[in-house]
Every structure is written in C-alpha cells, then in structure tokens.
Amino acid sequence: MAIVVQLVARPILPEDWKLVPDGSEGALVTFAGHVRGTESGNAITALEYEAYAPMAEQELRRIAGECLAKHGAGRLTVVHRTGVVPVGESAVVVAVTSAHRKAALACMDAFLDRLKQDVPIWKIRALPGDERGAGRACPD
Amino acid sequence: MRLLFFHTLREYTGTVVLGLDLSSPIPAAGVWVELERRFPGISRFASTTRIARNREYIGPGDLLSPGDEVALIPPVSGG
C-alpha cells in the first residue's frame, strides 16, 4: 500500500501528486480543492492555512491507509498547502489509484470526508484585499 | 508537559507554546482547570476542542504525563 503525504508552503505542482497507474490499476481518480473568490458571502483574494504539521502528516497517512484498505484501492497521494493560498490556486490535491473505478471513487470520497473531520489543518483567515504574504509560523 | 495552541485558542491566549509543570499524570480534561487559572474563560472552548497527546487524539479521561506534547485542536477546516 503506497501512500505519499506532503504539506507544502508553495503552489502545488503536478509532479507533487502525479500518479501513473501500473499494469494492475485501471483507475486513477484525482481531486483538486481550489480557493474560491468568496468566503461567507464576502469577496476575498486568498485564504491562509495553518497546520499542526507533524500530526497533520501522521493523520493524513493514517486516514489514507484506512481508506485504501476499506475500499480496496491501491495507492494514494495527498498534497495540502499551508500559508497563504490565493484565489484560484489549489489548497489540496489528492490522487487515488485502484484496479476498478468504484474503489478509487469511494476511497477518494471517504478520504476527503475524514480529512475535513480529523486532520489538524485550519483556515485561519480570509484575506479581503491584496494582503498576500508569508504564512504564519506554527509550533514545530 | 508542553502545550501547543492553534488557531482560535492561540488567538485567545496569545500563546503558541506553554510549559506546564505536572508533578503527576492528570486526566486530559484536567488541562482546562490548569488553563483556566492562566486564561480565565478559556473553558468555553472545551466542548469543541479535541486534545492530542504526542500527536494522537485522546479522550477526556486519558492521562497526560509530564513529558507529553499536548495539542489543543479546535474544529479543523482543512481541504
């Protein structure tokens, strides 16, 4: 069971998450969560994310393992940003492979639900103007 | 014990990391009693905050020991 987890404080690149199905994998499902231009009805230019990085990486890995096993999927890669993420850029990208379509789709859905429920990452503020800068320092 | 604050709890306390001297293990829920002395009113966050010990979620009755790294985890919002 192959799992790759990354937290990055820069734009997510295709090579961060790209999975190439091997000969046994007939399905590759990808999901990218992008920052929208409105938050709670107000126009924004960016969201700022904070993570308890060591635990977030550990939780992502644990949840990925559980979801892959439960749904019989093959491999999962997840990349999540920290710091300031401008509108239109990806805050998270997930890729899942499996032998057949349904396993990868179910694994992806379950993994994203668990990510939003259990992984210590927070949207700490929405930036209303041109206020893009470095992310806030976190413990560890 | 090393106590880490994030997001709303960091804003409320103005603190990122706090050292708490424990003479013996305490239940996780007891951390709110200790914190209330330093940050009056902080207990209002207890019902929505999860506690992690050494990077794993624990329950309110699980014990915290002097060498533990303890994080107070407000409702998460990643993704």
# chains A, B, ... in the order shown; residues from 1 in each chain; ligands from 1
$ closest_atom_pairs --of "chain A" --to "chain B" --cutoff "8 Å" --atoms "only C-alpha atoms" --output "Markdown table"
| residue | atom | partner | partner_atom | distance |
| --- | --- | --- | --- | --- |
| A:Gly33 | CA | B:Gly79 | CA | 6.4 |
| A:Tyr49 | CA | B:Gly78 | CA | 7.6 |
| A:Glu50 | CA | B:His7 | CA | 7.6 |
| A:Tyr52 | CA | B:Phe6 | CA | 7.8 |
| A:Pro54 | CA | B:Arg55 | CA | 7.3 |
| A:Met55 | CA | B:Arg55 | CA | 4.9 |
| A:Gln58 | CA | B:Arg55 | CA | 7.8 |
| A:His80 | CA | B:Gly79 | CA | 7.5 |
| A:Ala91 | CA | B:Gly79 | CA | 6.4 |
| A:Val92 | CA | B:Gly79 | CA | 5.7 |
| A:Leu112 | CA | B:Gly79 | CA | 7.6 |
| A:Leu115 | CA | B:Gly78 | CA | 7.0 |
| A:Lys116 | CA | B:Gly78 | CA | 5.5 |
| A:Gln117 | CA | B:Val76 | CA | 6.5 |
| A:Asp118 | CA | B:Val76 | CA | 6.8 |
| A:Val119 | CA | B:Val76 | CA | 6.7 |
| A:Pro120 | CA | B:Val76 | CA | 5.6 |
| A:Ile121 | CA | B:Gly78 | CA | 4.8 |
| A:Trp122 | CA | B:Ser77 | CA | 4.6 |
| A:Lys123 | CA | B:Ser77 | CA | 5.7 |
| A:Ile124 | CA | B:His7 | CA | 6.1 |
| A:Cys138 | CA | B:Val16 | CA | 7.7 |
| A:Pro139 | CA | B:Val16 | CA | 6.6 |
$ write_last_selection --atoms "N, CA and C atoms" --output "PDB file, in the first residue's frame"
ATOM      1  N   GLY A  33      -8.921  20.710  -4.649  1.00  0.00           N
ATOM      2  CA  GLY A  33      -9.760  21.688  -3.966  1.00  0.00           C
ATOM      3  C   GLY A  33      -9.143  23.064  -4.116  1.00  0.00           C
ATOM      4  N   TYR A  49      -3.863  29.186   5.543  1.00  0.00           N
ATOM      5  CA  TYR A  49      -3.976  27.897   6.228  1.00  0.00           C
ATOM      6  C   TYR A  49      -2.847  27.731   7.242  1.00  0.00           C
ATOM      7  N   GLU A  50      -3.219  27.105   8.353  1.00  0.00           N
ATOM      8  CA  GLU A  50      -2.245  26.745   9.385  1.00  0.00           C
ATOM      9  C   GLU A  50      -2.363  25.249   9.631  1.00  0.00           C
ATOM     10  N   TYR A  52      -0.872  21.893  12.202  1.00  0.00           N
ATOM     11  CA  TYR A  52      -0.009  21.256  13.211  1.00  0.00           C
ATOM     12  C   TYR A  52       0.702  20.168  12.421  1.00  0.00           C
ATOM     13  N   PRO A  54       3.375  18.060  12.121  1.00  0.00           N
ATOM     14  CA  PRO A  54       3.735  16.648  12.371  1.00  0.00           C
ATOM     15  C   PRO A  54       2.504  15.763  12.552  1.00  0.00           C
ATOM     16  N   MET A  55       1.502  16.291  13.254  1.00  0.00           N
ATOM     17  CA  MET A  55       0.299  15.481  13.467  1.00  0.00           C
ATOM     18  C   MET A  55      -0.549  15.420  12.204  1.00  0.00           C
ATOM     19  N   GLN A  58       0.851  12.817   9.998  1.00  0.00           N
ATOM     20  CA  GLN A  58       0.587  11.498  10.587  1.00  0.00           C
ATOM     21  C   GLN A  58      -0.870  11.094  10.387  1.00  0.00           C
ATOM     22  N   HIS A  80      -1.203  19.022   0.620  1.00  0.00           N
ATOM     23  CA  HIS A  80      -2.017  20.104   1.186  1.00  0.00           C
ATOM     24  C   HIS A  80      -1.123  21.310   1.427  1.00  0.00           C
ATOM     25  N   ALA A  91      -5.668  24.305  -2.849  1.00  0.00           N
ATOM     26  CA  ALA A  91      -5.282  24.175  -1.440  1.00  0.00           C
ATOM     27  C   ALA A  91      -4.946  22.729  -1.123  1.00  0.00           C
ATOM     28  N   VAL A  92      -5.568  21.812  -1.863  1.00  0.00           N
ATOM     29  CA  VAL A  92      -5.309  20.385  -1.643  1.00  0.00           C
ATOM     30  C   VAL A  92      -5.496  19.638  -2.955  1.00  0.00           C
ATOM     31  N   LEU A 112     -11.572  12.362   1.719  1.00  0.00           N
ATOM     32  CA  LEU A 112     -11.811  13.806   1.831  1.00  0.00           C
ATOM     33  C   LEU A 112     -12.707  14.131   3.022  1.00  0.00           C
ATOM     34  N   LEU A 115     -10.474  13.849   6.033  1.00  0.00           N
ATOM     35  CA  LEU A 115      -9.521  14.964   6.078  1.00  0.00           C
ATOM     36  C   LEU A 115     -10.184  16.181   6.730  1.00  0.00           C
ATOM     37  N   LYS A 116     -11.399  16.466   6.293  1.00  0.00           N
ATOM     38  CA  LYS A 116     -12.093  17.649   6.803  1.00  0.00           C
ATOM     39  C   LYS A 116     -12.562  17.476   8.243  1.00  0.00           C
ATOM     40  N   GLN A 117     -12.577  16.253   8.713  1.00  0.00           N
ATOM     41  CA  GLN A 117     -13.067  15.975  10.063  1.00  0.00           C
ATOM     42  C   GLN A 117     -11.931  15.862  11.081  1.00  0.00           C
ATOM     43  N   ASP A 118     -10.806  15.285  10.667  1.00  0.00           N
ATOM     44  CA  ASP A 118      -9.799  14.874  11.647  1.00  0.00           C
ATOM     45  C   ASP A 118      -8.404  15.490  11.514  1.00  0.00           C
ATOM     46  N   VAL A 119      -8.075  16.030  10.374  1.00  0.00           N
ATOM     47  CA  VAL A 119      -6.682  16.451  10.174  1.00  0.00           C
ATOM     48  C   VAL A 119      -6.477  17.875  10.699  1.00  0.00           C
ATOM     49  N   PRO A 120      -5.511  18.073  11.596  1.00  0.00           N
ATOM     50  CA  PRO A 120      -5.333  19.399  12.206  1.00  0.00           C
ATOM     51  C   PRO A 120      -4.730  20.426  11.250  1.00  0.00           C
ATOM     52  N   ILE A 121      -5.601  20.887  10.368  1.00  0.00           N
ATOM     53  CA  ILE A 121      -5.297  21.979   9.446  1.00  0.00           C
ATOM     54  C   ILE A 121      -6.470  22.945   9.549  1.00  0.00           C
ATOM     55  N   TRP A 122      -6.143  24.231   9.556  1.00  0.00           N
ATOM     56  CA  TRP A 122      -7.193  25.238   9.723  1.00  0.00           C
ATOM     57  C   TRP A 122      -7.074  26.338   8.674  1.00  0.00           C
ATOM     58  N   LYS A 123      -8.246  26.808   8.217  1.00  0.00           N
ATOM     59  CA  LYS A 123      -8.285  28.084   7.510  1.00  0.00           C
ATOM     60  C   LYS A 123      -8.323  29.140   8.605  1.00  0.00           C
ATOM     61  N   ILE A 124      -7.246  29.863   8.777  1.00  0.00           N
ATOM     62  CA  ILE A 124      -7.217  30.777   9.923  1.00  0.00           C
ATOM     63  C   ILE A 124      -7.711  32.173   9.572  1.00  0.00           C
ATOM     64  N   CYS A 138       4.227  28.234  12.796  1.00  0.00           N
ATOM     65  CA  CYS A 138       3.486  27.319  13.644  1.00  0.00           C
ATOM     66  C   CYS A 138       4.456  26.639  14.609  1.00  0.00           C
ATOM     67  N   PRO A 139       3.947  26.160  15.760  1.00  0.00           N
ATOM     68  CA  PRO A 139       4.805  25.371  16.628  1.00  0.00           C
ATOM     69  C   PRO A 139       5.290  24.153  15.864  1.00  0.00           C
TER      70      PRO A 139
END
$ select_by_dssp --residues "stretch 14-77 of chain A" --states "alpha helix (DSSP H)" --output "ChimeraX atom specification"
/A:14-17,53-71
$ write_last_selection --atoms "N, CA and C atoms" --output "PDB file, in the first residue's frame"
ATOM      1  N   PRO A  14       2.226  19.661 -10.475  1.00  0.00           N
ATOM      2  CA  PRO A  14       1.758  18.341 -10.940  1.00  0.00           C
ATOM      3  C   PRO A  14       2.649  17.201 -10.462  1.00  0.00           C
ATOM      4  N   GLU A  15       3.949  17.444 -10.418  1.00  0.00           N
ATOM      5  CA  GLU A  15       4.843  16.349 -10.015  1.00  0.00           C
ATOM      6  C   GLU A  15       4.725  16.015  -8.533  1.00  0.00           C
ATOM      7  N   ASP A  16       4.049  16.892  -7.750  1.00  0.00           N
ATOM      8  CA  ASP A  16       3.841  16.589  -6.330  1.00  0.00           C
ATOM      9  C   ASP A  16       2.876  15.425  -6.144  1.00  0.00           C
ATOM     10  N   TRP A  17       1.886  15.346  -7.045  1.00  0.00           N
ATOM     11  CA  TRP A  17       0.813  14.376  -6.805  1.00  0.00           C
ATOM     12  C   TRP A  17       0.635  13.366  -7.916  1.00  0.00           C
ATOM     13  N   ALA A  53       1.783  20.570  11.768  1.00  0.00           N
ATOM     14  CA  ALA A  53       2.344  19.772  10.680  1.00  0.00           C
ATOM     15  C   ALA A  53       2.669  18.321  11.034  1.00  0.00           C
ATOM     16  N   PRO A  54       3.375  18.060  12.121  1.00  0.00           N
ATOM     17  CA  PRO A  54       3.735  16.648  12.371  1.00  0.00           C
ATOM     18  C   PRO A  54       2.504  15.763  12.552  1.00  0.00           C
ATOM     19  N   MET A  55       1.502  16.291  13.254  1.00  0.00           N
ATOM     20  CA  MET A  55       0.299  15.481  13.467  1.00  0.00           C
ATOM     21  C   MET A  55      -0.549  15.420  12.204  1.00  0.00           C
ATOM     22  N   ALA A  56      -0.610  16.520  11.456  1.00  0.00           N
ATOM     23  CA  ALA A  56      -1.393  16.522  10.219  1.00  0.00           C
ATOM     24  C   ALA A  56      -0.851  15.469   9.252  1.00  0.00           C
ATOM     25  N   GLU A  57       0.451  15.403   9.113  1.00  0.00           N
ATOM     26  CA  GLU A  57       1.037  14.410   8.210  1.00  0.00           C
ATOM     27  C   GLU A  57       0.750  12.994   8.710  1.00  0.00           C
ATOM     28  N   GLN A  58       0.851  12.817   9.998  1.00  0.00           N
ATOM     29  CA  GLN A  58       0.587  11.498  10.587  1.00  0.00           C
ATOM     30  C   GLN A  58      -0.870  11.094  10.387  1.00  0.00           C
ATOM     31  N   GLU A  59      -1.787  12.036  10.612  1.00  0.00           N
ATOM     32  CA  GLU A  59      -3.214  11.753  10.442  1.00  0.00           C
ATOM     33  C   GLU A  59      -3.553  11.471   8.979  1.00  0.00           C
ATOM     34  N   LEU A  60      -2.985  12.270   8.076  1.00  0.00           N
ATOM     35  CA  LEU A  60      -3.239  12.034   6.649  1.00  0.00           C
ATOM     36  C   LEU A  60      -2.795  10.635   6.249  1.00  0.00           C
ATOM     37  N   ARG A  61      -1.656  10.230   6.760  1.00  0.00           N
ATOM     38  CA  ARG A  61      -1.137   8.901   6.424  1.00  0.00           C
ATOM     39  C   ARG A  61      -2.029   7.795   7.023  1.00  0.00           C
ATOM     40  N   ARG A  62      -2.441   8.012   8.262  1.00  0.00           N
ATOM     41  CA  ARG A  62      -3.286   7.016   8.930  1.00  0.00           C
ATOM     42  C   ARG A  62      -4.639   6.885   8.213  1.00  0.00           C
ATOM     43  N   ILE A  63      -5.241   8.020   7.915  1.00  0.00           N
ATOM     44  CA  ILE A  63      -6.547   8.008   7.258  1.00  0.00           C
ATOM     45  C   ILE A  63      -6.434   7.409   5.855  1.00  0.00           C
ATOM     46  N   ALA A  64      -5.391   7.751   5.155  1.00  0.00           N
ATOM     47  CA  ALA A  64      -5.186   7.192   3.814  1.00  0.00           C
ATOM     48  C   ALA A  64      -5.107   5.675   3.874  1.00  0.00           C
ATOM     49  N   GLY A  65      -4.351   5.174   4.831  1.00  0.00           N
ATOM     50  CA  GLY A  65      -4.219   3.727   4.984  1.00  0.00           C
ATOM     51  C   GLY A  65      -5.557   3.063   5.257  1.00  0.00           C
ATOM     52  N   GLU A  66      -6.322   3.675   6.140  1.00  0.00           N
ATOM     53  CA  GLU A  66      -7.633   3.111   6.484  1.00  0.00           C
ATOM     54  C   GLU A  66      -8.575   3.127   5.274  1.00  0.00           C
ATOM     55  N   CYS A  67      -8.572   4.225   4.544  1.00  0.00           N
ATOM     56  CA  CYS A  67      -9.487   4.341   3.392  1.00  0.00           C
ATOM     57  C   CYS A  67      -9.075   3.405   2.255  1.00  0.00           C
ATOM     58  N   LEU A  68      -7.786   3.310   1.997  1.00  0.00           N
ATOM     59  CA  LEU A  68      -7.336   2.381   0.953  1.00  0.00           C
ATOM     60  C   LEU A  68      -7.736   0.955   1.299  1.00  0.00           C
ATOM     61  N   ALA A  69      -7.525   0.580   2.557  1.00  0.00           N
ATOM     62  CA  ALA A  69      -7.836  -0.791   2.969  1.00  0.00           C
ATOM     63  C   ALA A  69      -9.337  -1.048   2.924  1.00  0.00           C
ATOM     64  N   LYS A  70     -10.097  -0.092   3.430  1.00  0.00           N
ATOM     65  CA  LYS A  70     -11.558  -0.292   3.496  1.00  0.00           C
ATOM     66  C   LYS A  70     -12.173  -0.441   2.112  1.00  0.00           C
ATOM     67  N   HIS A  71     -11.679   0.327   1.153  1.00  0.00           N
ATOM     68  CA  HIS A  71     -12.316   0.338  -0.163  1.00  0.00           C
ATOM     69  C   HIS A  71     -11.548  -0.476  -1.208  1.00  0.00           C
TER      70      HIS A  71
END
$ residues_around --residues "stretch 99-101 of chain A" --least-positions-apart "2" --cutoff "12 Å" --atoms "only C-alpha atoms" --output "JSON, numbers by chain"
{"A": [21, 22, 23, 24, 25, 26, 27, 28, 29, 30, 68, 71, 72, 73, 74, 75, 96, 97, 103, 104, 105, 106, 107, 108]}
$ atom_distance --atom1 "atom CA of B:Gly41" --atom2 "atom CA of B:Ala29"
15.2 Å
$ residues_around --residues "B:Ser24" --least-positions-apart "2" --cutoff "7 Å" --atoms "only C-alpha atoms" --output "ChimeraX atom specification"
/B:22,26,65-66
$ atom_distance --atom1 "atom CA of A:Arg36" --atom2 "atom CA of A:Val20"
28.7 Å
$ select_by_dssp --residues "chain B" --states "strand (DSSP E)" --output "number ranges by chain"
B: 2-5, 17-19, 26-27, 50-53, 56-58, 63-64, 69-73
$ write_last_selection --atoms "C-alpha atoms" --output "PDB file, in the first residue's frame"
ATOM      1  CA  ARG B   2       4.456  21.045  26.505  1.00  0.00           C
ATOM      2  CA  LEU B   3       1.115  22.502  25.477  1.00  0.00           C
ATOM      3  CA  LEU B   4       0.502  23.746  21.912  1.00  0.00           C
ATOM      4  CA  PHE B   5      -2.186  26.226  20.902  1.00  0.00           C
ATOM      5  CA  VAL B  17       3.554  27.050  23.321  1.00  0.00           C
ATOM      6  CA  LEU B  18       3.197  26.798  27.102  1.00  0.00           C
ATOM      7  CA  GLY B  19       5.106  24.624  29.538  1.00  0.00           C
ATOM      8  CA  ILE B  26      -3.629  14.193  35.124  1.00  0.00           C
ATOM      9  CA  PRO B  27      -6.703  13.324  33.042  1.00  0.00           C
ATOM     10  CA  ARG B  50     -10.132  17.886  20.888  1.00  0.00           C
ATOM     11  CA  ILE B  51      -6.955  17.003  22.728  1.00  0.00           C
ATOM     12  CA  ALA B  52      -3.989  15.263  21.132  1.00  0.00           C
ATOM     13  CA  ARG B  53      -1.232  13.620  23.153  1.00  0.00           C
ATOM     14  CA  GLU B  56      -2.701  11.321  18.554  1.00  0.00           C
ATOM     15  CA  TYR B  57      -6.238  12.168  19.608  1.00  0.00           C
ATOM     16  CA  ILE B  58      -7.194  11.020  23.100  1.00  0.00           C
ATOM     17  CA  LEU B  63      -3.831  10.626  31.192  1.00  0.00           C
ATOM     18  CA  LEU B  64      -1.323  13.353  30.419  1.00  0.00           C
ATOM     19  CA  GLU B  69       3.441  17.076  23.980  1.00  0.00           C
ATOM     20  CA  VAL B  70      -0.202  18.057  24.186  1.00  0.00           C
ATOM     21  CA  ALA B  71      -2.074  19.953  21.491  1.00  0.00           C
ATOM     22  CA  LEU B  72      -5.449  21.604  21.823  1.00  0.00           C
ATOM     23  CA  ILE B  73      -7.190  21.079  18.493  1.00  0.00           C
TER      24      ILE B  73
END
$ residues_around --residues "A:Ser40" --least-positions-apart "5" --cutoff "12 Å" --atoms "only C-alpha atoms" --output "PyMOL selection string"
chain A and resi 125-126+128
$ write_last_selection --atoms "C-alpha atoms" --output "compact mmCIF listing (two decimals), in the first residue's frame"
# COMPACT_ATOMS: atom_id res chain seq x y z
CA ARG A 125 -8.30 33.81 7.95
CA ALA A 126 -9.61 35.10 4.66
CA PRO A 128 -10.07 40.59 1.79
$ closest_residue --among "A:Phe31, A:Glu48, A:Val85, A:Val78" --to "A:Asp109" --atoms "only C-alpha atoms"
A:Phe31
$ atom_distance --atom1 "atom CA of A:Gly129" --atom2 "atom CA of A:Gly37"
11.4 Å
$ decode --residues "stretch 28-70 of chain A" --atoms "N, CA and C atoms" --output "PDB file, in the first residue's frame"
ATOM      1  N   LEU A  28      -7.610   5.858 -12.160  1.00  0.00           N
ATOM      2  CA  LEU A  28      -6.888   6.937 -11.485  1.00  0.00           C
ATOM      3  C   LEU A  28      -7.887   8.071 -11.281  1.00  0.00           C
ATOM      4  N   VAL A  29      -8.143   8.410 -10.019  1.00  0.00           N
ATOM      5  CA  VAL A  29      -9.063   9.487  -9.678  1.00  0.00           C
ATOM      6  C   VAL A  29      -8.267  10.600  -9.027  1.00  0.00           C
ATOM      7  N   THR A  30      -8.480  11.832  -9.477  1.00  0.00           N
ATOM      8  CA  THR A  30      -7.805  12.968  -8.851  1.00  0.00           C
ATOM      9  C   THR A  30      -8.841  13.987  -8.402  1.00  0.00           C
ATOM     10  N   PHE A  31      -8.523  14.675  -7.330  1.00  0.00           N
ATOM     11  CA  PHE A  31      -9.378  15.752  -6.822  1.00  0.00           C
ATOM     12  C   PHE A  31      -8.489  16.929  -6.470  1.00  0.00           C
ATOM     13  N   ALA A  32      -8.912  18.109  -6.886  1.00  0.00           N
ATOM     14  CA  ALA A  32      -8.208  19.338  -6.500  1.00  0.00           C
ATOM     15  C   ALA A  32      -9.208  20.283  -5.864  1.00  0.00           C
ATOM     16  N   GLY A  33      -8.921  20.710  -4.649  1.00  0.00           N
ATOM     17  CA  GLY A  33      -9.760  21.688  -3.966  1.00  0.00           C
ATOM     18  C   GLY A  33      -9.143  23.064  -4.116  1.00  0.00           C
ATOM     19  N   HIS A  34      -9.884  23.974  -4.764  1.00  0.00           N
ATOM     20  CA  HIS A  34      -9.349  25.306  -5.043  1.00  0.00           C
ATOM     21  C   HIS A  34      -9.971  26.352  -4.131  1.00  0.00           C
ATOM     22  N   VAL A  35      -9.251  27.425  -3.904  1.00  0.00           N
ATOM     23  CA  VAL A  35      -9.772  28.543  -3.114  1.00  0.00           C
ATOM     24  C   VAL A  35     -10.731  29.350  -3.985  1.00  0.00           C
ATOM     25  N   ARG A  36     -11.949  29.497  -3.463  1.00  0.00           N
ATOM     26  CA  ARG A  36     -12.968  30.285  -4.170  1.00  0.00           C
ATOM     27  C   ARG A  36     -12.793  31.772  -3.874  1.00  0.00           C
ATOM     28  N   GLY A  37     -13.430  32.581  -4.713  1.00  0.00           N
ATOM     29  CA  GLY A  37     -13.308  34.036  -4.568  1.00  0.00           C
ATOM     30  C   GLY A  37     -14.224  34.652  -3.548  1.00  0.00           C
ATOM     31  N   THR A  38     -15.060  33.826  -2.904  1.00  0.00           N
ATOM     32  CA  THR A  38     -15.918  34.334  -1.833  1.00  0.00           C
ATOM     33  C   THR A  38     -15.825  33.424  -0.629  1.00  0.00           C
ATOM     34  N   GLU A  39     -15.939  34.016   0.541  1.00  0.00           N
ATOM     35  CA  GLU A  39     -15.941  33.282   1.797  1.00  0.00           C
ATOM     36  C   GLU A  39     -17.041  33.885   2.660  1.00  0.00           C
ATOM     37  N   SER A  40     -18.009  33.076   3.020  1.00  0.00           N
ATOM     38  CA  SER A  40     -19.159  33.560   3.803  1.00  0.00           C
ATOM     39  C   SER A  40     -19.820  34.756   3.116  1.00  0.00           C
ATOM     40  N   GLY A  41     -19.871  34.711   1.801  1.00  0.00           N
ATOM     41  CA  GLY A  41     -20.550  35.751   1.040  1.00  0.00           C
ATOM     42  C   GLY A  41     -19.714  36.975   0.747  1.00  0.00           C
ATOM     43  N   ASN A  42     -18.496  37.027   1.256  1.00  0.00           N
ATOM     44  CA  ASN A  42     -17.631  38.195   1.044  1.00  0.00           C
ATOM     45  C   ASN A  42     -16.521  37.870   0.046  1.00  0.00           C
ATOM     46  N   ALA A  43     -16.199  38.854  -0.782  1.00  0.00           N
ATOM     47  CA  ALA A  43     -15.114  38.668  -1.747  1.00  0.00           C
ATOM     48  C   ALA A  43     -13.776  38.595  -1.021  1.00  0.00           C
ATOM     49  N   ILE A  44     -12.948  37.649  -1.438  1.00  0.00           N
ATOM     50  CA  ILE A  44     -11.621  37.512  -0.837  1.00  0.00           C
ATOM     51  C   ILE A  44     -10.582  37.362  -1.943  1.00  0.00           C
ATOM     52  N   THR A  45      -9.318  37.532  -1.546  1.00  0.00           N
ATOM     53  CA  THR A  45      -8.238  37.312  -2.507  1.00  0.00           C
ATOM     54  C   THR A  45      -7.443  36.055  -2.181  1.00  0.00           C
ATOM     55  N   ALA A  46      -7.571  35.579  -0.944  1.00  0.00           N
ATOM     56  CA  ALA A  46      -6.789  34.400  -0.552  1.00  0.00           C
ATOM     57  C   ALA A  46      -7.303  33.866   0.776  1.00  0.00           C
ATOM     58  N   LEU A  47      -6.943  32.625   1.057  1.00  0.00           N
ATOM     59  CA  LEU A  47      -7.153  32.040   2.383  1.00  0.00           C
ATOM     60  C   LEU A  47      -5.792  31.711   2.974  1.00  0.00           C
ATOM     61  N   GLU A  48      -5.692  31.836   4.294  1.00  0.00           N
ATOM     62  CA  GLU A  48      -4.459  31.443   4.966  1.00  0.00           C
ATOM     63  C   GLU A  48      -4.705  30.175   5.779  1.00  0.00           C
ATOM     64  N   TYR A  49      -3.863  29.186   5.543  1.00  0.00           N
ATOM     65  CA  TYR A  49      -3.976  27.897   6.228  1.00  0.00           C
ATOM     66  C   TYR A  49      -2.847  27.731   7.242  1.00  0.00           C
ATOM     67  N   GLU A  50      -3.219  27.105   8.353  1.00  0.00           N
ATOM     68  CA  GLU A  50      -2.245  26.745   9.385  1.00  0.00           C
ATOM     69  C   GLU A  50      -2.363  25.249   9.631  1.00  0.00           C
ATOM     70  N   ALA A  51      -1.261  24.606   9.931  1.00  0.00           N
ATOM     71  CA  ALA A  51      -1.294  23.171  10.225  1.00  0.00           C
ATOM     72  C   ALA A  51      -0.444  22.871  11.451  1.00  0.00           C
ATOM     73  N   TYR A  52      -0.872  21.893  12.202  1.00  0.00           N
ATOM     74  CA  TYR A  52      -0.009  21.256  13.211  1.00  0.00           C
ATOM     75  C   TYR A  52       0.702  20.168  12.421  1.00  0.00           C
ATOM     76  N   ALA A  53       1.783  20.570  11.768  1.00  0.00           N
ATOM     77  CA  ALA A  53       2.344  19.772  10.680  1.00  0.00           C
ATOM     78  C   ALA A  53       2.669  18.321  11.034  1.00  0.00           C
ATOM     79  N   PRO A  54       3.375  18.060  12.121  1.00  0.00           N
ATOM     80  CA  PRO A  54       3.735  16.648  12.371  1.00  0.00           C
ATOM     81  C   PRO A  54       2.504  15.763  12.552  1.00  0.00           C
ATOM     82  N   MET A  55       1.502  16.291  13.254  1.00  0.00           N
ATOM     83  CA  MET A  55       0.299  15.481  13.467  1.00  0.00           C
ATOM     84  C   MET A  55      -0.549  15.420  12.204  1.00  0.00           C
ATOM     85  N   ALA A  56      -0.610  16.520  11.456  1.00  0.00           N
ATOM     86  CA  ALA A  56      -1.393  16.522  10.219  1.00  0.00           C
ATOM     87  C   ALA A  56      -0.851  15.469   9.252  1.00  0.00           C
ATOM     88  N   GLU A  57       0.451  15.403   9.113  1.00  0.00           N
ATOM     89  CA  GLU A  57       1.037  14.410   8.210  1.00  0.00           C
ATOM     90  C   GLU A  57       0.750  12.994   8.710  1.00  0.00           C
ATOM     91  N   GLN A  58       0.851  12.817   9.998  1.00  0.00           N
ATOM     92  CA  GLN A  58       0.587  11.498  10.587  1.00  0.00           C
ATOM     93  C   GLN A  58      -0.870  11.094  10.387  1.00  0.00           C
ATOM     94  N   GLU A  59      -1.787  12.036  10.612  1.00  0.00           N
ATOM     95  CA  GLU A  59      -3.214  11.753  10.442  1.00  0.00           C
ATOM     96  C   GLU A  59      -3.553  11.471   8.979  1.00  0.00           C
ATOM     97  N   LEU A  60      -2.985  12.270   8.076  1.00  0.00           N
ATOM     98  CA  LEU A  60      -3.239  12.034   6.649  1.00  0.00           C
ATOM     99  C   LEU A  60      -2.795  10.635   6.249  1.00  0.00           C
ATOM    100  N   ARG A  61      -1.656  10.230   6.760  1.00  0.00           N
ATOM    101  CA  ARG A  61      -1.137   8.901   6.424  1.00  0.00           C
ATOM    102  C   ARG A  61      -2.029   7.795   7.023  1.00  0.00           C
ATOM    103  N   ARG A  62      -2.441   8.012   8.262  1.00  0.00           N
ATOM    104  CA  ARG A  62      -3.286   7.016   8.930  1.00  0.00           C
ATOM    105  C   ARG A  62      -4.639   6.885   8.213  1.00  0.00           C
ATOM    106  N   ILE A  63      -5.241   8.020   7.915  1.00  0.00           N
ATOM    107  CA  ILE A  63      -6.547   8.008   7.258  1.00  0.00           C
ATOM    108  C   ILE A  63      -6.434   7.409   5.855  1.00  0.00           C
ATOM    109  N   ALA A  64      -5.391   7.751   5.155  1.00  0.00           N
ATOM    110  CA  ALA A  64      -5.186   7.192   3.814  1.00  0.00           C
ATOM    111  C   ALA A  64      -5.107   5.675   3.874  1.00  0.00           C
ATOM    112  N   GLY A  65      -4.351   5.174   4.831  1.00  0.00           N
ATOM    113  CA  GLY A  65      -4.219   3.727   4.984  1.00  0.00           C
ATOM    114  C   GLY A  65      -5.557   3.063   5.257  1.00  0.00           C
ATOM    115  N   GLU A  66      -6.322   3.675   6.140  1.00  0.00           N
ATOM    116  CA  GLU A  66      -7.633   3.111   6.484  1.00  0.00           C
ATOM    117  C   GLU A  66      -8.575   3.127   5.274  1.00  0.00           C
ATOM    118  N   CYS A  67      -8.572   4.225   4.544  1.00  0.00           N
ATOM    119  CA  CYS A  67      -9.487   4.341   3.392  1.00  0.00           C
ATOM    120  C   CYS A  67      -9.075   3.405   2.255  1.00  0.00           C
ATOM    121  N   LEU A  68      -7.786   3.310   1.997  1.00  0.00           N
ATOM    122  CA  LEU A  68      -7.336   2.381   0.953  1.00  0.00           C
ATOM    123  C   LEU A  68      -7.736   0.955   1.299  1.00  0.00           C
ATOM    124  N   ALA A  69      -7.525   0.580   2.557  1.00  0.00           N
ATOM    125  CA  ALA A  69      -7.836  -0.791   2.969  1.00  0.00           C
ATOM    126  C   ALA A  69      -9.337  -1.048   2.924  1.00  0.00           C
ATOM    127  N   LYS A  70     -10.097  -0.092   3.430  1.00  0.00           N
ATOM    128  CA  LYS A  70     -11.558  -0.292   3.496  1.00  0.00           C
ATOM    129  C   LYS A  70     -12.173  -0.441   2.112  1.00  0.00           C
TER     130      LYS A  70
END
